[in-house]
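Chemist: PDB, C-alpha atoms, file work02.pdb:
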ATOM      1  CA  MET U   1      78.988 167.717 150.629
ATOM      2  CA  GLU U   2      79.625 171.450 151.043
ATOM      3  CA  LEU U   3      83.098 172.552 149.997
ATOM      4  CA  PRO U   4      85.033 175.109 152.032
ATOM      5  CA  SER U   5      84.974 178.615 150.526
ATOM      6  CA  GLU U   6      88.767 178.557 149.925
ATOM      7  CA  ILE U   7      88.437 175.453 147.757
ATOM      8  CA  LYS U   8      85.520 176.959 145.839
ATOM      9  CA  ALA U   9      87.498 180.162 145.249
ATOM     10  CA  ALA U  10      90.570 178.193 144.121
ATOM     11  CA  ALA U  11      88.441 176.102 141.765
ATOM     12  CA  LEU U  12      86.888 179.214 140.232
ATOM     13  CA  GLU U  13      90.336 180.741 139.737
ATOM     14  CA  LEU U  14      91.513 177.531 138.080
ATOM     15  CA  VAL U  15      88.544 177.568 135.704
ATOM     16  CA  LYS U  16      89.184 181.221 134.900
ATOM     17  CA  ALA U  17      92.862 180.527 134.193
ATOM     18  CA  MET U  18      92.069 177.475 132.099
ATOM     19  CA  LYS U  19      89.634 179.463 129.949
ATOM     20  CA  GLN U  20      92.494 181.836 129.116
ATOM     21  CA  ASP U  21      94.612 178.984 127.714
ATOM     22  CA  SER U  22      94.605 179.017 123.908
ATOM     23  CA  THR U  23      94.436 175.206 123.658
ATOM     24  CA  ILE U  24      91.411 175.090 125.958
ATOM     25  CA  ARG U  25      89.763 177.916 124.016
ATOM     26  CA  LEU U  26      90.279 176.002 120.761
ATOM     27  CA  TYR U  27      88.615 172.937 122.263
ATOM     28  CA  LEU U  28      85.684 174.937 123.690
ATOM     29  CA  SER U  29      85.187 176.626 120.328
ATOM     30  CA  ALA U  30      85.258 173.293 118.487
ATOM     31  CA  LYS U  31      82.858 171.754 121.023
ATOM     32  CA  GLU U  32      80.444 174.654 120.623
ATOM     33  CA  ALA U  33      80.623 174.375 116.822
ATOM     34  CA  VAL U  34      79.549 170.714 117.006
ATOM     35  CA  GLU U  35      76.758 171.482 119.470
ATOM     36  CA  ASN U  36      75.448 174.305 117.249
ATOM     37  CA  ASP U  37      75.601 172.330 114.000
ATOM     38  CA  PRO U  38      72.366 170.363 113.444
ATOM     39  CA  GLU U  39      74.030 167.834 111.128
ATOM     40  CA  ALA U  40      76.967 167.082 113.429
ATOM     41  CA  SER U  41      74.887 166.852 116.581
ATOM     42  CA  ALA U  42      72.282 164.668 114.828
ATOM     43  CA  LEU U  43      75.018 162.327 113.572
ATOM     44  CA  GLU U  44      76.422 161.915 117.068
ATOM     45  CA  SER U  45      72.956 161.370 118.533
ATOM     46  CA  ARG U  46      72.145 158.717 115.938
ATOM     47  CA  LEU U  47      75.441 156.959 116.592
ATOM     48  CA  LEU U  48      74.830 156.917 120.348
ATOM     49  CA  GLU U  49      71.269 155.644 119.905
ATOM     50  CA  LEU U  50      72.381 152.911 117.515
ATOM     51  CA  TYR U  51      75.248 151.921 119.816
ATOM     52  CA  GLU U  52      72.916 151.674 122.818
ATOM     53  CA  ASP U  53      70.412 149.656 120.776
ATOM     54  CA  LEU U  54      73.096 147.189 119.656
ATOM     55  CA  ILE U  55      74.416 146.828 123.218
ATOM     56  CA  GLN U  56      70.897 146.129 124.512
ATOM     57  CA  ARG U  57      70.329 143.544 121.791
ATOM     58  CA  GLN U  58      73.591 141.811 122.663
ATOM     59  CA  SER U  59      72.755 141.844 126.367
ATOM     60  CA  ARG U  60      69.454 140.111 125.543
ATOM     61  CA  GLY U  61      71.444 137.441 123.733
ATOM     62  CA  GLU U  62      70.486 138.500 120.223
ATOM     63  CA  GLU U  63      73.032 137.914 117.526
ATOM     64  CA  LEU U  64      73.826 141.041 115.560
ATOM     65  CA  SER U  65      73.513 140.724 111.812
ATOM     66  CA  GLU U  66      76.215 141.811 109.406
ATOM     67  CA  GLU U  67      73.783 144.474 108.208
ATOM     68  CA  HIS U  68      73.499 145.953 111.714
ATOM     69  CA  ILE U  69      77.270 145.926 112.159
ATOM     70  CA  ARG U  70      77.853 147.480 108.731
ATOM     71  CA  ALA U  71      75.287 150.211 109.452
ATOM     72  CA  PHE U  72      76.957 150.983 112.774
ATOM     73  CA  ASN U  73      80.436 151.089 111.236
ATOM     74  CA  ALA U  74      79.252 153.299 108.357
ATOM     75  CA  LEU U  75      77.665 155.756 110.769
ATOM     76  CA  ARG U  76      80.723 155.696 113.022
ATOM     77  CA  TYR U  77      82.879 156.501 109.984
ATOM     78  CA  GLN U  78      80.620 159.442 109.091
ATOM     79  CA  VAL U  79      80.854 160.753 112.651
ATOM     80  CA  ARG U  80      84.596 160.268 112.876
ATOM     81  CA  PHE U  81      85.318 162.124 109.661
ATOM     82  CA  HIS U  82      82.754 164.902 109.943
ATOM     83  CA  PRO U  83      84.937 168.050 109.784
ATOM     84  CA  LEU U  84      83.525 169.708 112.907
ATOM     85  CA  ILE U  85      83.576 166.537 114.972
ATOM     86  CA  ALA U  86      87.098 165.684 113.830
ATOM     87  CA  ARG U  87      88.227 169.199 114.762
ATOM     88  CA  ARG U  88      86.698 168.823 118.238
ATOM     89  CA  GLU U  89      88.275 165.399 118.761
ATOM     90  CA  ASN U  90      91.685 166.688 117.658
ATOM     91  CA  ALA U  91      91.363 169.645 120.036
ATOM     92  CA  LEU U  92      90.375 167.269 122.844
ATOM     93  CA  ALA U  93      93.438 165.132 122.176
ATOM     94  CA  GLN U  94      95.550 168.276 122.490
ATOM     95  CA  ILE U  95      94.173 169.228 125.923
ATOM     96  CA  LYS U  96      94.147 165.781 127.540
ATOM     97  CA  PRO U  97      97.826 165.932 128.624
ATOM     98  CA  TYR U  98      97.249 169.443 129.975
ATOM     99  CA  LEU U  99      94.209 168.290 131.964
ATOM    100  CA  ALA U 100      96.138 165.281 133.285
ATOM    101  CA  GLN U 101      98.903 167.610 134.457
ATOM    102  CA  ILE U 102      96.375 169.833 136.233
ATOM    103  CA  ALA U 103      94.787 166.798 137.906
ATOM    104  CA  GLU U 104      98.236 165.650 139.049
ATOM    105  CA  GLU U 105      98.999 169.072 140.519
ATOM    106  CA  ILE U 106      95.661 169.112 142.334
ATOM    107  CA  SER U 107      96.349 165.600 143.654
ATOM    108  CA  ASP U 108      99.778 166.687 144.911
ATOM    109  CA  SER U 109      98.258 169.722 146.643
ATOM    110  CA  LEU U 110      95.481 167.686 148.251
ATOM    111  CA  GLY U 111      97.674 164.743 149.135
ATOM    112  CA  ILE U 112      95.098 162.391 147.614
ATOM    113  CA  ASP U 113      94.402 161.205 144.074
ATOM    114  CA  TYR U 114      92.072 163.937 142.866
ATOM    115  CA  THR U 115      90.728 161.860 139.948
ATOM    116  CA  ILE U 116      89.497 159.126 142.292
ATOM    117  CA  LEU U 117      87.973 161.712 144.607
ATOM    118  CA  ALA U 118      86.267 163.516 141.710
ATOM    119  CA  ASP U 119      84.979 160.241 140.260
ATOM    120  CA  ALA U 120      83.535 159.203 143.626
ATOM    121  CA  GLN U 121      81.922 162.636 144.019
ATOM    122  CA  CYS U 122      80.457 162.527 140.510
ATOM    123  CA  ARG U 123      78.983 159.066 141.070
ATOM    124  CA  GLY U 124      77.060 160.536 143.959
ATOM    125  CA  CYS U 125      75.681 163.277 141.694
ATOM    126  CA  SER U 126      73.523 161.075 139.515
TER     127      SER U 126
END
Rewrite the structure from the file as structure tokens, please.
Modeler:
Amino acid sequence: MELPSEIKAAALELVKAMKQDSTIRLYLSAKEAVENDPEASALESRLLELYEDLIQRQSRGEELSEEHIRAFNALRYQVRFHPLIARRENALAQIKPYLAQIAEEISDSLGIDYTILADAQCRGCS
């Protein structure tokens, strides 16, 4: 679906304005730090892989051993308390209310729930 040029221009202005916000900049900086840190990004990748493996095993009806659960919880703990990841997650928690407010304002302007519209559009992207 091609968006009208006015909507594209407004969206670009919104992105530009958001990038000027100090809270958003802190989050983007923290996100970049995690992405550029081999240890942090490897930890998150391992956690995601292990999580997906355990979910697949459960969906096949396999019973997860205590060892598997302990390994997952230990890795999740490492991820949660890694300094860079924790900083990113804290920064994300700080911007969520701001992003919700922006989504609400967009919804009011459009006269439709923007989050539902965006979700439907994104589902068509993959």
Chemist: When you look at U:Leu92 with a cut-off of 10 Å (counting only C-alpha atoms), what residues show up, excluding the ones that are within fewer than 6 positions of it in the same chain? I need them as a PyMOL selection string.
Modeler: chain U and resi 23-24+26-28+30-31+86+99
Chemist: Looking at all atoms listed in the file, which of U:Ile116, U:Ser22, U:Arg46, U:Ala17 is the one that sits closest to U:Gln94?
Modeler: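 Result for the nearest residue to U:Gln94: U:Ser22.
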Chemist: Just say which residues the PyMOL selection byres ((chain U and resi 65-77) around 10) picks in this file, as a list in words.
Modeler: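 Going through the file, the PyMOL selection byres ((chain U and resi 65-77) around 10) ends up selecting Leu43, Glu44, Arg46, Leu47, Leu48, Leu50, Tyr51, Leu54, Glu62, Glu63, Leu64, Gln78, Val79, Arg80, Phe81 and His82 of chain U.
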Chemist: Work out how far atom CA of U:Ile85 is from atom CA of U:Val15, in Å to one decimal.
Modeler: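 Distance between the two atoms: 24.0 Å.
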Chemist: Just give me the gap between atom CA of U:Asp21 and atom CA of U:Ala100 in Å, one decimal is fine.
Modeler: 14.9 Å
Chemist: Using only C-alpha atoms, find the one residue out of U:Ser59, U:Ala40, U:Ile106, U:Asp113 that sits nearest to U:Ala10.
Modeler: U:Ile106
Chemist: To one decimal place, how far is atom CA of U:Ala91 from atom CA of U:Ile7 in Å?
Modeler: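 If I compute the distance from atom CA of U:Ala91 to atom CA of U:Ile7, I get 28.5 Å.
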Chemist: Around all of stretch 107-111 of chain U's listed atoms, make the axis-aligned box with 6 Å on each side and tell me centre and edge lengths in Å to one decimal, as AutoDock Vina command-line options.
Modeler:
--center_x 97.6 --center_y 167.2 --center_z 146.4 --size_x 16.3 --size_y 17.0 --size_z 17.5
Chemist: Of the candidates U:Leu84, U:Asn90, U:Arg60, U:Ile102, which shows the shortest atom-to-atom distance to U:Glu32, using all atoms listed in the file?
Modeler: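 Residue with the minimum atom-to-atom distance to U:Glu32: U:Leu84.
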